[in-house]
Amino acid sequence: MSFSYTQENTIKIASLFNRYPQKKALILPLLWLAQKQDGFIGEGAMQTISGLSEMPYMHVYSVATFYTMFKLQMSEKRVIEVCRTLSCELNGSENIKKYLLDNYSKDYEIVEVECMGACSGAPMCTLDGKYIENLTPELIDEVLNAN
Amino acid sequence: MQTKIVSKNFEIPFSHTIEVALKNGRYASLDKVFSYKPQELIDIIKQSGLRGKGGGGAPAGGKWQLASDFKGIKYLVVNGDESEPGTFKDRQILAKDPHLLIEGIIATCYAIGSHISYVYVRGEYEEFSNTLQSAIDEAYEKNFLGNGASYPVDITVHRGAGAYICGEKSALLESLEGNRGHPRLKPKSPEPEFYFAEPTLVNNVETIASVPFIIENGADAYRAYGTEQSPGTLLFAISGNITKPGVYETEFGVSMLEYIENLGGGVKKGKKLKAVIPGGASTPILPAHMIKDAKLDYENLKSLGSSLGTGGMIILDEDASMVKALKNLLRFYHHESCGQCTPCREGTSWVDKTMDKFIAKTATKEDLEILKSVSKTMNGKTICVFAPAASGVIDGFLKHFEAEFLECIQ
């Protein structure tokens with residue numbers, strides 16, 4: 001799996017080198033850029049990052065697997081993340097999850113996540129990383145049919 | 001009931017843009033900042049009694065002094081990892097008044113002698129990271145930042161990627177160095193943090209955002225709010241079974257019940273209050289009868305056996321199941337343990353699985369003992385306070401609501 005950053009990202013990366021005292025610190029920003037570019041982080045991307053950060057491949061791999069937001073596999077479907085932590089649960093997140101699974105699991109990958117810091121908008125979820133708060137079945141239908 | 005110091009400009013349309021920010025007093029404190037010697041600024045912060053607003057409540061001035069005492073390169077790292085369940089205050093600053101944060105960063109860097117700052121923002125807050133980045137770009141254009149500024153400071157926004165533990169300051173620095181977010185051992189005697197072995201000050205977003213008011217108005221003006229030991233204000237937050245969930249800034253020391261009634265609009269659907277988790281998921285739960293006279297300050301909540309934490313209150317009404325609530329929180333701890341220390345990695349997994357039996361009402365007396373003994377084993381035997389926090393959560397639920405757990409025993 002060969003990987004190379006787009007020209008636009010290569011320019012961004014060049015400026016990032018000036019922002020940190022050591023190349024190793026670029027690992028998280030580089031992982032983000034790779035994921036943004038391809039939708040996931042493949043072995044080729046991690047090899048490239050290993051070269052740029054001058055760190056062993058296994059170090060990059062261990063970092064990429066530690067953080068839950070880094071996806072090492074391409075998702076077939078668009079992703080909906082449903083918060084399941086206490087403030088959302090107290091406001092019915094279990095019903096929201098059930099509604100999503102019953103009606104939208106064919107077209108979307110529905111996953112549960114921990115607190116996203118949107119407790120005043122409980123229950124909430126994200127679609128492609130964007131927050132959707134104060135969820136009701138009606139709002140879900142409206143948003144997903146519009147998207 | 002609200003006292004708006006940090007949240008003063010939140011309601012103003014386009015408050016995140018530099019034009020509106022400048023019209024509303026942003027960057028006005030900088031002339032005063034640069035008229036002081038750095039040590040004088042540190043002394044003002046010490047006199048103000050400003051305490052860290054990320055949950056720990058440590059005096060900010062002392063931390064500034066530790067970093068300032070070192071010569072050479074040093075860093076200011078702003079903690080915007082905000083992942084404590086029930087906490088959503090720093091995002092308000094990032095989204096609604098990022099220039100207040102930048103102003104605070106410039107003042108703090110000047111005080112401790114740093115020219116480089118990083119703002120570590122949790123990965124999920126992509127939108128707010130972008131707002132902050134736009135504000136930083138504007139500040140560079142207007143020469144508040146960069147080499148053209150009166151005091152040069154560079155700010156870099158660094159995104160986390162979904163790890164609760166990176167809110168712990170040493171784990172945050174590990175993450176910022178390009179490592180897994182594993183907390184470091186605590187030093188024997190007070191010293192600053194270190195980023196790539198250089199002395200570093202780590203402060204929460206809201207702490208830094210409180211600095212401009214203090215410099216502009218003086219330590220006494222800040223101390224005029226709050227209590228003797230908890231001076232000033234906090235962006236308290238309220239969520240759960242509550243009518244008007246949100247972030248409302250008040251001074252320390254106000255009545256918790258009044259906050260719930262007057263700002264939160266009371267328990268949702270007129271139900272009765274059963275319990276409050278006062279300052280983010282990691283603070284021990286308090287039953288309704290214990291909070292009659294509770295005050296929102298560090299000392300009062302500590303005296304009640306809990307903690308002020310981040311000030312993010314979670315309200316539970318009469319219908320809430322305490323067994324379900326504890327299961328919810330222990331699942332969170334299990335998921336978020338960084339896995340470095342055995343008592344935490346194994347303990348959080350064990351109590352999470354044990355809770356399944358209580359949910360299924362198939363628990364035994366032994367399971368209750370397991371909760372208690374694992375809680376004891378997790379407390380005080382790990383590198384960071386994550387596992388002790390989980391212990392406190394278990395102990396709080398069992399202390400006040402053991403009857404509900406006994407009902408689940410066969």
# chains A, B, ... in the order shown; residues from 1 in each chain; ligands from 1
call {"tool": "interface_residues", "arguments": {"of": "chain A", "to": "chain B", "cutoff": "10 Å", "atoms": "only C-alpha atoms", "output": "NGL selection string"}}
result
:A and (16 or 19-29 or 31-32 or 53 or 55 or 59-60 or 62-70 or 84-91 or 113-123 or 126 or 129-131)
call {"tool": "write_last_selection", "arguments": {"atoms": "N, CA and C atoms", "output": "compact mmCIF listing (two decimals), in the first residue's frame"}}
result
# COMPACT_ATOMS: atom_id res chain seq x y z
N LEU A 16 4.33 22.75 9.55
CA LEU A 16 4.22 22.12 10.89
C LEU A 16 5.58 21.86 11.51
N ARG A 19 6.71 24.34 13.92
CA ARG A 19 5.89 24.63 15.10
C ARG A 19 6.29 23.79 16.31
N TYR A 20 7.05 22.73 16.10
CA TYR A 20 7.37 21.81 17.20
C TYR A 20 8.88 21.64 17.36
N PRO A 21 9.34 21.44 18.61
CA PRO A 21 10.79 21.31 18.84
C PRO A 21 11.37 20.00 18.28
N GLN A 22 10.55 18.96 18.18
CA GLN A 22 11.06 17.69 17.64
C GLN A 22 10.07 17.11 16.63
N LYS A 23 10.62 16.40 15.66
CA LYS A 23 9.78 15.85 14.58
C LYS A 23 8.76 14.84 15.10
N LYS A 24 9.12 14.16 16.18
CA LYS A 24 8.24 13.16 16.78
C LYS A 24 6.87 13.74 17.13
N ALA A 25 6.87 15.03 17.53
CA ALA A 25 5.62 15.66 17.96
C ALA A 25 4.62 15.79 16.81
N LEU A 26 5.08 15.59 15.60
CA LEU A 26 4.18 15.72 14.44
C LEU A 26 3.30 14.49 14.23
N ILE A 27 3.56 13.44 15.01
CA ILE A 27 2.85 12.18 14.72
C ILE A 27 1.33 12.35 14.74
N LEU A 28 0.78 12.97 15.78
CA LEU A 28 -0.68 13.13 15.82
C LEU A 28 -1.19 14.01 14.67
N PRO A 29 -0.60 15.19 14.45
CA PRO A 29 -1.06 15.99 13.30
C PRO A 29 -0.94 15.24 11.97
N LEU A 31 -1.05 11.96 11.51
CA LEU A 31 -2.10 10.93 11.47
C LEU A 31 -3.44 11.56 11.09
N TRP A 32 -3.74 12.72 11.67
CA TRP A 32 -4.99 13.41 11.33
C TRP A 32 -5.04 13.76 9.85
N SER A 53 8.57 11.52 10.78
CA SER A 53 8.79 11.82 12.20
C SER A 53 10.10 11.21 12.71
N MET A 55 10.65 8.20 13.51
CA MET A 55 10.36 7.26 14.59
C MET A 55 10.06 5.89 13.98
N HIS A 59 6.29 2.43 16.62
CA HIS A 59 5.88 3.53 17.51
C HIS A 59 4.66 4.24 16.93
N VAL A 60 4.72 4.53 15.64
CA VAL A 60 3.59 5.21 14.99
C VAL A 60 2.34 4.34 15.10
N SER A 62 1.67 2.08 17.38
CA SER A 62 1.19 2.02 18.77
C SER A 62 0.43 3.29 19.13
N VAL A 63 0.86 4.42 18.58
CA VAL A 63 0.15 5.67 18.84
C VAL A 63 -1.19 5.66 18.11
N ALA A 64 -1.17 5.24 16.84
CA ALA A 64 -2.41 5.26 16.05
C ALA A 64 -3.48 4.36 16.66
N THR A 65 -3.06 3.27 17.31
CA THR A 65 -4.05 2.36 17.87
C THR A 65 -4.49 2.75 19.28
N PHE A 66 -3.76 3.68 19.90
CA PHE A 66 -4.13 4.10 21.26
C PHE A 66 -5.36 5.00 21.25
N TYR A 67 -5.44 5.86 20.24
CA TYR A 67 -6.48 6.89 20.20
C TYR A 67 -7.69 6.41 19.41
N THR A 68 -8.88 6.48 20.08
CA THR A 68 -10.06 5.86 19.47
C THR A 68 -10.53 6.55 18.20
N MET A 69 -10.15 7.81 17.99
CA MET A 69 -10.65 8.50 16.80
C MET A 69 -9.88 8.15 15.53
N PHE A 70 -8.73 7.53 15.68
CA PHE A 70 -7.99 7.13 14.48
C PHE A 70 -8.53 5.82 13.94
N ARG A 84 -23.26 7.70 24.79
CA ARG A 84 -23.99 6.83 25.71
C ARG A 84 -23.72 7.17 27.18
N THR A 85 -22.94 8.22 27.43
CA THR A 85 -22.56 8.51 28.82
C THR A 85 -23.74 9.14 29.59
N LEU A 86 -23.54 9.32 30.88
CA LEU A 86 -24.66 9.49 31.82
C LEU A 86 -25.70 10.56 31.44
N SER A 87 -25.26 11.79 31.14
CA SER A 87 -26.25 12.84 30.88
C SER A 87 -27.09 12.49 29.66
N CYS A 88 -26.47 11.84 28.67
CA CYS A 88 -27.24 11.43 27.49
C CYS A 88 -28.15 10.25 27.82
N GLU A 89 -27.64 9.31 28.63
CA GLU A 89 -28.48 8.16 29.00
C GLU A 89 -29.70 8.61 29.79
N LEU A 90 -29.50 9.57 30.71
CA LEU A 90 -30.62 10.08 31.51
C LEU A 90 -31.67 10.75 30.63
N ASN A 91 -31.26 11.16 29.42
CA ASN A 91 -32.18 11.82 28.50
C ASN A 91 -32.57 10.94 27.32
N VAL A 113 -20.32 5.93 21.58
CA VAL A 113 -19.09 6.55 22.08
C VAL A 113 -19.34 7.14 23.46
N GLU A 114 -18.23 7.47 24.14
CA GLU A 114 -18.34 8.11 25.45
C GLU A 114 -18.46 9.62 25.28
N CYS A 115 -18.74 10.28 26.41
CA CYS A 115 -19.08 11.72 26.47
C CYS A 115 -18.31 12.58 25.46
N MET A 116 -19.06 13.34 24.66
CA MET A 116 -18.47 14.20 23.64
C MET A 116 -18.48 15.67 24.08
N GLY A 117 -18.86 15.94 25.33
CA GLY A 117 -18.87 17.32 25.80
C GLY A 117 -20.01 18.13 25.21
N ALA A 118 -21.16 17.49 25.07
CA ALA A 118 -22.33 18.21 24.55
C ALA A 118 -23.52 17.89 25.43
N CYS A 119 -23.30 17.82 26.75
CA CYS A 119 -24.30 17.32 27.69
C CYS A 119 -25.53 18.21 27.76
N SER A 120 -25.40 19.50 27.41
CA SER A 120 -26.58 20.36 27.45
C SER A 120 -27.48 20.08 26.26
N GLY A 121 -26.97 19.34 25.28
CA GLY A 121 -27.78 18.99 24.11
C GLY A 121 -28.13 17.51 24.09
N ALA A 122 -28.16 16.89 25.29
CA ALA A 122 -28.43 15.45 25.38
C ALA A 122 -29.88 15.15 25.02
N PRO A 123 -30.13 14.02 24.34
CA PRO A 123 -29.17 13.09 23.76
C PRO A 123 -28.60 13.62 22.43
N THR A 126 -23.12 12.25 16.47
CA THR A 126 -22.43 12.96 15.40
C THR A 126 -22.72 12.24 14.09
N GLY A 129 -18.73 13.28 12.06
CA GLY A 129 -17.97 14.10 13.01
C GLY A 129 -18.67 15.38 13.43
N LYS A 130 -19.80 15.73 12.80
CA LYS A 130 -20.50 16.97 13.16
C LYS A 130 -21.57 16.67 14.23
N TYR A 131 -21.64 17.57 15.23
CA TYR A 131 -22.57 17.36 16.35
C TYR A 131 -24.02 17.61 15.94
call {"tool": "select_by_dssp", "arguments": {"residues": "range 169-318 of chain B", "states": "strand (DSSP E)", "output": "mmCIF file with C-alpha atoms, in the first residue's frame"}}
result
data_model
loop_
_atom_site.group_PDB
_atom_site.id
_atom_site.type_symbol
_atom_site.label_atom_id
_atom_site.label_comp_id
_atom_site.auth_asym_id
_atom_site.auth_seq_id
_atom_site.Cartn_x
_atom_site.Cartn_y
_atom_site.Cartn_z
ATOM 1 C CA GLU B 193 5.877 19.964 34.006
ATOM 2 C CA PHE B 194 8.327 19.226 31.220
ATOM 3 C CA TYR B 195 7.713 19.191 27.472
ATOM 4 C CA GLU B 198 11.971 21.878 28.933
ATOM 5 C CA PRO B 199 9.999 23.471 31.825
ATOM 6 C CA THR B 200 6.353 23.869 30.976
ATOM 7 C CA LEU B 201 3.269 25.392 32.529
ATOM 8 C CA VAL B 202 0.011 23.525 31.921
ATOM 9 C CA ASN B 203 -3.221 25.419 32.668
ATOM 10 C CA ASN B 204 -6.840 24.832 31.740
ATOM 11 C CA THR B 233 -16.108 32.717 39.358
ATOM 12 C CA LEU B 234 -16.470 29.454 37.465
ATOM 13 C CA LEU B 235 -18.282 28.449 34.296
ATOM 14 C CA PHE B 236 -20.481 25.973 36.141
ATOM 15 C CA ALA B 237 -22.435 23.597 33.939
ATOM 16 C CA ILE B 238 -25.603 21.614 34.515
ATOM 17 C CA SER B 239 -27.005 18.629 32.649
ATOM 18 C CA GLY B 240 -28.951 15.393 33.138
ATOM 19 C CA GLY B 246 -26.296 24.707 29.983
ATOM 20 C CA VAL B 247 -23.268 26.655 31.153
ATOM 21 C CA TYR B 248 -23.920 29.525 33.550
ATOM 22 C CA GLU B 249 -21.070 31.440 35.143
ATOM 23 C CA THR B 250 -21.491 32.326 38.804
ATOM 24 C CA GLU B 251 -19.211 33.228 41.640
ATOM 25 C CA LEU B 273 -34.415 15.603 42.945
ATOM 26 C CA LYS B 274 -32.727 12.346 43.896
ATOM 27 C CA ALA B 275 -29.020 13.071 43.668
ATOM 28 C CA VAL B 276 -26.364 15.324 42.170
ATOM 29 C CA ILE B 277 -22.954 14.440 40.809
ATOM 30 C CA LEU B 286 -24.443 13.310 46.753
ATOM 31 C CA PRO B 287 -28.043 12.379 47.657
ATOM 32 C CA GLY B 312 -20.185 20.228 35.752
ATOM 33 C CA MET B 313 -23.231 19.076 37.704
ATOM 34 C CA ILE B 314 -25.218 16.028 36.603
ATOM 35 C CA ILE B 315 -28.761 15.982 37.997
ATOM 36 C CA LEU B 316 -30.543 12.691 38.681
ATOM 37 C CA ASP B 317 -34.290 12.693 39.323
#
call {"tool": "closest_residue", "arguments": {"among": "B:Val374, B:Ala197, B:Val323, B:Ala389", "to": "Lys361 in chain B", "atoms": "only C-alpha atoms"}}
result
B:Val323
call {"tool": "residues_around", "arguments": {"residues": "Val153 in chain B", "least_positions_apart": "4", "cutoff": "10 Å", "atoms": "only C-alpha atoms", "output": "PyMOL selection string"}}
result
chain B and resi 102+105-107+109-110+114-117+140+144-149
call {"tool": "atom_distance", "arguments": {"atom1": "CA of Ile13 in chain A", "atom2": "CA of Leu52 in chain A"}}
result
9.4 Å
call {"tool": "closest_residue", "arguments": {"among": "A:Ser4, A:Pro137, A:Leu72, A:Ile110", "to": "Asn95 in chain A", "atoms": "only C-alpha atoms"}}
result
A:Pro137
call {"tool": "atom_distance", "arguments": {"atom1": "CA of Ala135 in chain B", "atom2": "CA of Asp97 in chain B"}}
result
9.0 Å
call {"tool": "closest_residue", "arguments": {"among": "B:Asp352, B:Glu407, B:Asp69, B:Glu19", "to": "Gln39 in chain B", "atoms": "only C-alpha atoms"}}
result
B:Asp69
call {"tool": "atom_distance", "arguments": {"atom1": "CA of Ala390 in chain B", "atom2": "CA of Lys376 in chain B"}}
result
10.3 Å
